[in-house]
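Structure file my_file.pdb with PDB, C-alpha atoms, pLDDT in the B column:
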ATOM      1  CA  MET Q 126     -70.602 -88.213  23.330  1.00 65.00           C
ATOM      2  CA  ARG Q 127     -67.217 -89.343  24.578  1.00 71.00           C
ATOM      3  CA  SER Q 128     -64.695 -90.595  22.043  1.00 70.00           C
ATOM      4  CA  PRO Q 129     -63.295 -94.092  22.606  1.00 73.00           C
ATOM      5  CA  ASP Q 130     -59.922 -94.443  24.301  1.00 74.00           C
ATOM      6  CA  PRO Q 131     -57.330 -95.180  21.567  1.00 80.00           C
ATOM      7  CA  VAL Q 132     -55.239 -97.292  23.965  1.00 76.00           C
ATOM      8  CA  ALA Q 133     -56.455-100.748  24.880  1.00 81.00           C
ATOM      9  CA  PRO Q 134     -56.796-101.364  28.650  1.00 78.00           C
ATOM     10  CA  GLY Q 135     -53.998-103.968  28.742  1.00 81.00           C
ATOM     11  CA  GLU Q 136     -51.669-101.608  26.870  1.00 88.00           C
ATOM     12  CA  LYS Q 137     -52.090 -98.794  29.387  1.00 88.00           C
ATOM     13  CA  ARG Q 138     -50.247-100.835  31.991  1.00 89.00           C
ATOM     14  CA  LYS Q 139     -47.388-101.428  29.563  1.00 90.00           C
ATOM     15  CA  LEU Q 140     -47.195 -97.740  28.656  1.00 89.00           C
ATOM     16  CA  THR Q 141     -47.195 -96.726  32.304  1.00 90.00           C
ATOM     17  CA  ARG Q 142     -44.354 -99.151  32.996  1.00 92.00           C
ATOM     18  CA  LEU Q 143     -42.432 -97.895  29.950  1.00 92.00           C
ATOM     19  CA  ALA Q 144     -42.819 -94.287  31.104  1.00 91.00           C
ATOM     20  CA  LYS Q 145     -41.503 -95.166  34.562  1.00 93.00           C
ATOM     21  CA  ASP Q 146     -38.568 -97.092  33.079  1.00 93.00           C
ATOM     22  CA  LEU Q 147     -37.689 -94.170  30.785  1.00 89.00           C
ATOM     23  CA  LYS Q 148     -37.739 -91.718  33.701  1.00 88.00           C
ATOM     24  CA  VAL Q 149     -35.394 -93.946  35.697  1.00 92.00           C
ATOM     25  CA  TRP Q 150     -33.091 -94.371  32.688  1.00 90.00           C
ATOM     26  CA  ALA Q 151     -33.042 -90.620  32.046  1.00 83.00           C
ATOM     27  CA  LYS Q 152     -32.249 -89.888  35.680  1.00 85.00           C
ATOM     28  CA  VAL Q 153     -29.293 -92.293  35.610  1.00 92.00           C
ATOM     29  CA  ASN Q 154     -28.018 -91.667  32.056  1.00 89.00           C
ATOM     30  CA  GLY Q 155     -29.378 -88.278  31.050  1.00 81.00           C
ATOM     31  CA  ARG Q 156     -27.143 -85.279  30.529  1.00 80.00           C
ATOM     32  CA  ASP Q 157     -27.694 -82.130  32.576  1.00 79.00           C
ATOM     33  CA  PHE Q 158     -28.522 -79.319  30.195  1.00 78.00           C
ATOM     34  CA  PRO Q 159     -29.649 -75.859  31.301  1.00 77.00           C
ATOM     35  CA  TRP Q 160     -33.106 -76.183  29.739  1.00 76.00           C
ATOM     36  CA  ARG Q 161     -33.775 -79.273  31.844  1.00 74.00           C
ATOM     37  CA  LEU Q 162     -32.707 -77.559  35.059  1.00 70.00           C
ATOM     38  CA  SER Q 163     -34.251 -74.125  34.553  1.00 62.00           C
ATOM     39  CA  ASP Q 164     -37.728 -72.699  34.751  1.00 71.00           C
ATOM     40  CA  ALA Q 165     -37.752 -72.000  31.027  1.00 68.00           C
ATOM     41  CA  ASP Q 166     -41.137 -71.002  29.739  1.00 78.00           C
ATOM     42  CA  THR Q 167     -42.954 -73.016  27.097  1.00 78.00           C
ATOM     43  CA  TYR Q 168     -41.820 -70.775  24.239  1.00 82.00           C
ATOM     44  CA  GLN Q 169     -38.161 -71.225  25.204  1.00 81.00           C
ATOM     45  CA  GLN Q 170     -38.595 -74.985  25.480  1.00 79.00           C
ATOM     46  CA  VAL Q 171     -40.143 -75.140  21.999  1.00 83.00           C
ATOM     47  CA  ILE Q 172     -37.264 -73.107  20.562  1.00 85.00           C
ATOM     48  CA  VAL Q 173     -34.761 -75.465  22.207  1.00 85.00           C
ATOM     49  CA  GLU Q 174     -36.539 -78.535  20.822  1.00 84.00           C
ATOM     50  CA  VAL Q 175     -36.468 -77.092  17.290  1.00 89.00           C
ATOM     51  CA  LEU Q 176     -32.793 -76.186  17.608  1.00 89.00           C
ATOM     52  CA  LEU Q 177     -31.969 -79.672  18.890  1.00 88.00           C
ATOM     53  CA  GLN Q 178     -33.366 -81.107  15.669  1.00 90.00           C
ATOM     54  CA  ARG Q 179     -30.969 -78.945  13.650  1.00 91.00           C
ATOM     55  CA  THR Q 180     -27.721 -78.880  15.619  1.00 90.00           C
ATOM     56  CA  THR Q 181     -25.809 -80.395  18.527  1.00 91.00           C
ATOM     57  CA  ALA Q 182     -26.921 -80.167  22.135  1.00 87.00           C
ATOM     58  CA  THR Q 183     -23.629 -78.482  23.031  1.00 87.00           C
ATOM     59  CA  ALA Q 184     -24.301 -75.679  20.553  1.00 88.00           C
ATOM     60  CA  VAL Q 185     -27.854 -75.277  21.845  1.00 88.00           C
ATOM     61  CA  ALA Q 186     -26.581 -75.116  25.443  1.00 85.00           C
ATOM     62  CA  GLY Q 187     -24.490 -72.079  24.530  1.00 83.00           C
ATOM     63  CA  PHE Q 188     -27.426 -70.408  22.823  1.00 83.00           C
ATOM     64  CA  PHE Q 189     -29.860 -71.197  25.630  1.00 81.00           C
ATOM     65  CA  GLY Q 190     -28.124 -68.903  28.111  1.00 77.00           C
ATOM     66  CA  ALA Q 191     -28.529 -65.959  25.739  1.00 80.00           C
ATOM     67  CA  LEU Q 192     -32.158 -66.896  25.071  1.00 75.00           C
ATOM     68  CA  VAL Q 193     -33.029 -66.947  28.761  1.00 72.00           C
ATOM     69  CA  LEU Q 194     -31.227 -63.662  29.449  1.00 67.00           C
ATOM     70  CA  SER Q 195     -32.992 -61.937  26.551  1.00 67.00           C
ATOM     71  CA  GLY Q 196     -36.438 -63.340  27.382  1.00 57.00           C
TER      72      GLY Q 196
END
Structure encoded using structure tokens:
Amino acid sequence: MRSPDPVAPGEKRKLTRLAKDLKVWAKVNGRDFPWRLSDADTYQQVIVEVLLQRTTATAVAGFFGALVLSG
């Protein structure tokens, strides 16, 4: 048995549009950090996300280089 889709059909269009708008905004306004430009594996990306919740992106950028070199 298939579970019902939690998103109403009319809302899917809105969410798709929002996702496209966010991608455009990020491309224009986003900052270039090493973890966005690299082929970091999933583990490294999770570590970066946790660190970003605890400290500044600038501090994480410095740590990321060491993480990639050690991994």
Fill in the blank from the handout: Counting only C-alpha atoms, the residue among Q:Trp160, Q:Tyr168, Q:Leu147, Q:Asn154 that lies closest to Phe189 (chain Q) is Q:Trp160
All file atoms of region 169-188 of chain Q boxed axis-aligned, 4 Å per side, centre plus edges, as JSON:
{"center_x": -31.9, "center_y": -75.8, "center_z": 19.6, "size_x": 24.5, "size_y": 18.7, "size_z": 19.8}
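What separates CA of Val171 (chain Q) from CA of Val185 (chain Q) is a distance of 12.3 Å.
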Given the PyMOL selection byres ((chain Q and resi 173-176) around 12) and the file above, list the residues it selects as a compact mmCIF listing (two decimals) with C-alpha atoms, keeping the file's coordinate frame.
# COMPACT_ATOMS: atom_id res chain seq x y z
CA PHE Q 158 -28.52 -79.32 30.20
CA PRO Q 159 -29.65 -75.86 31.30
CA TRP Q 160 -33.11 -76.18 29.74
CA ARG Q 161 -33.78 -79.27 31.84
CA ALA Q 165 -37.75 -72.00 31.03
CA ASP Q 166 -41.14 -71.00 29.74
CA THR Q 167 -42.95 -73.02 27.10
CA TYR Q 168 -41.82 -70.78 24.24
CA GLN Q 169 -38.16 -71.22 25.20
CA GLN Q 170 -38.60 -74.98 25.48
CA VAL Q 171 -40.14 -75.14 22.00
CA ILE Q 172 -37.26 -73.11 20.56
CA LEU Q 177 -31.97 -79.67 18.89
CA GLN Q 178 -33.37 -81.11 15.67
CA ARG Q 179 -30.97 -78.94 13.65
CA THR Q 180 -27.72 -78.88 15.62
CA THR Q 181 -25.81 -80.40 18.53
CA ALA Q 182 -26.92 -80.17 22.14
CA THR Q 183 -23.63 -78.48 23.03
CA ALA Q 184 -24.30 -75.68 20.55
CA VAL Q 185 -27.85 -75.28 21.84
CA ALA Q 186 -26.58 -75.12 25.44
CA GLY Q 187 -24.49 -72.08 24.53
CA PHE Q 188 -27.43 -70.41 22.82
CA PHE Q 189 -29.86 -71.20 25.63
CA GLY Q 190 -28.12 -68.90 28.11
CA ALA Q 191 -28.53 -65.96 25.74
CA LEU Q 192 -32.16 -66.90 25.07
CA VAL Q 193 -33.03 -66.95 28.76
Handout entry: Two-atom distance - CA of Val153 (chain Q), CA of Glu136 (chain Q) (Å)
Key =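 CA of Glu136 (chain Q) lies 25.8 Å from CA of Val153 (chain Q).
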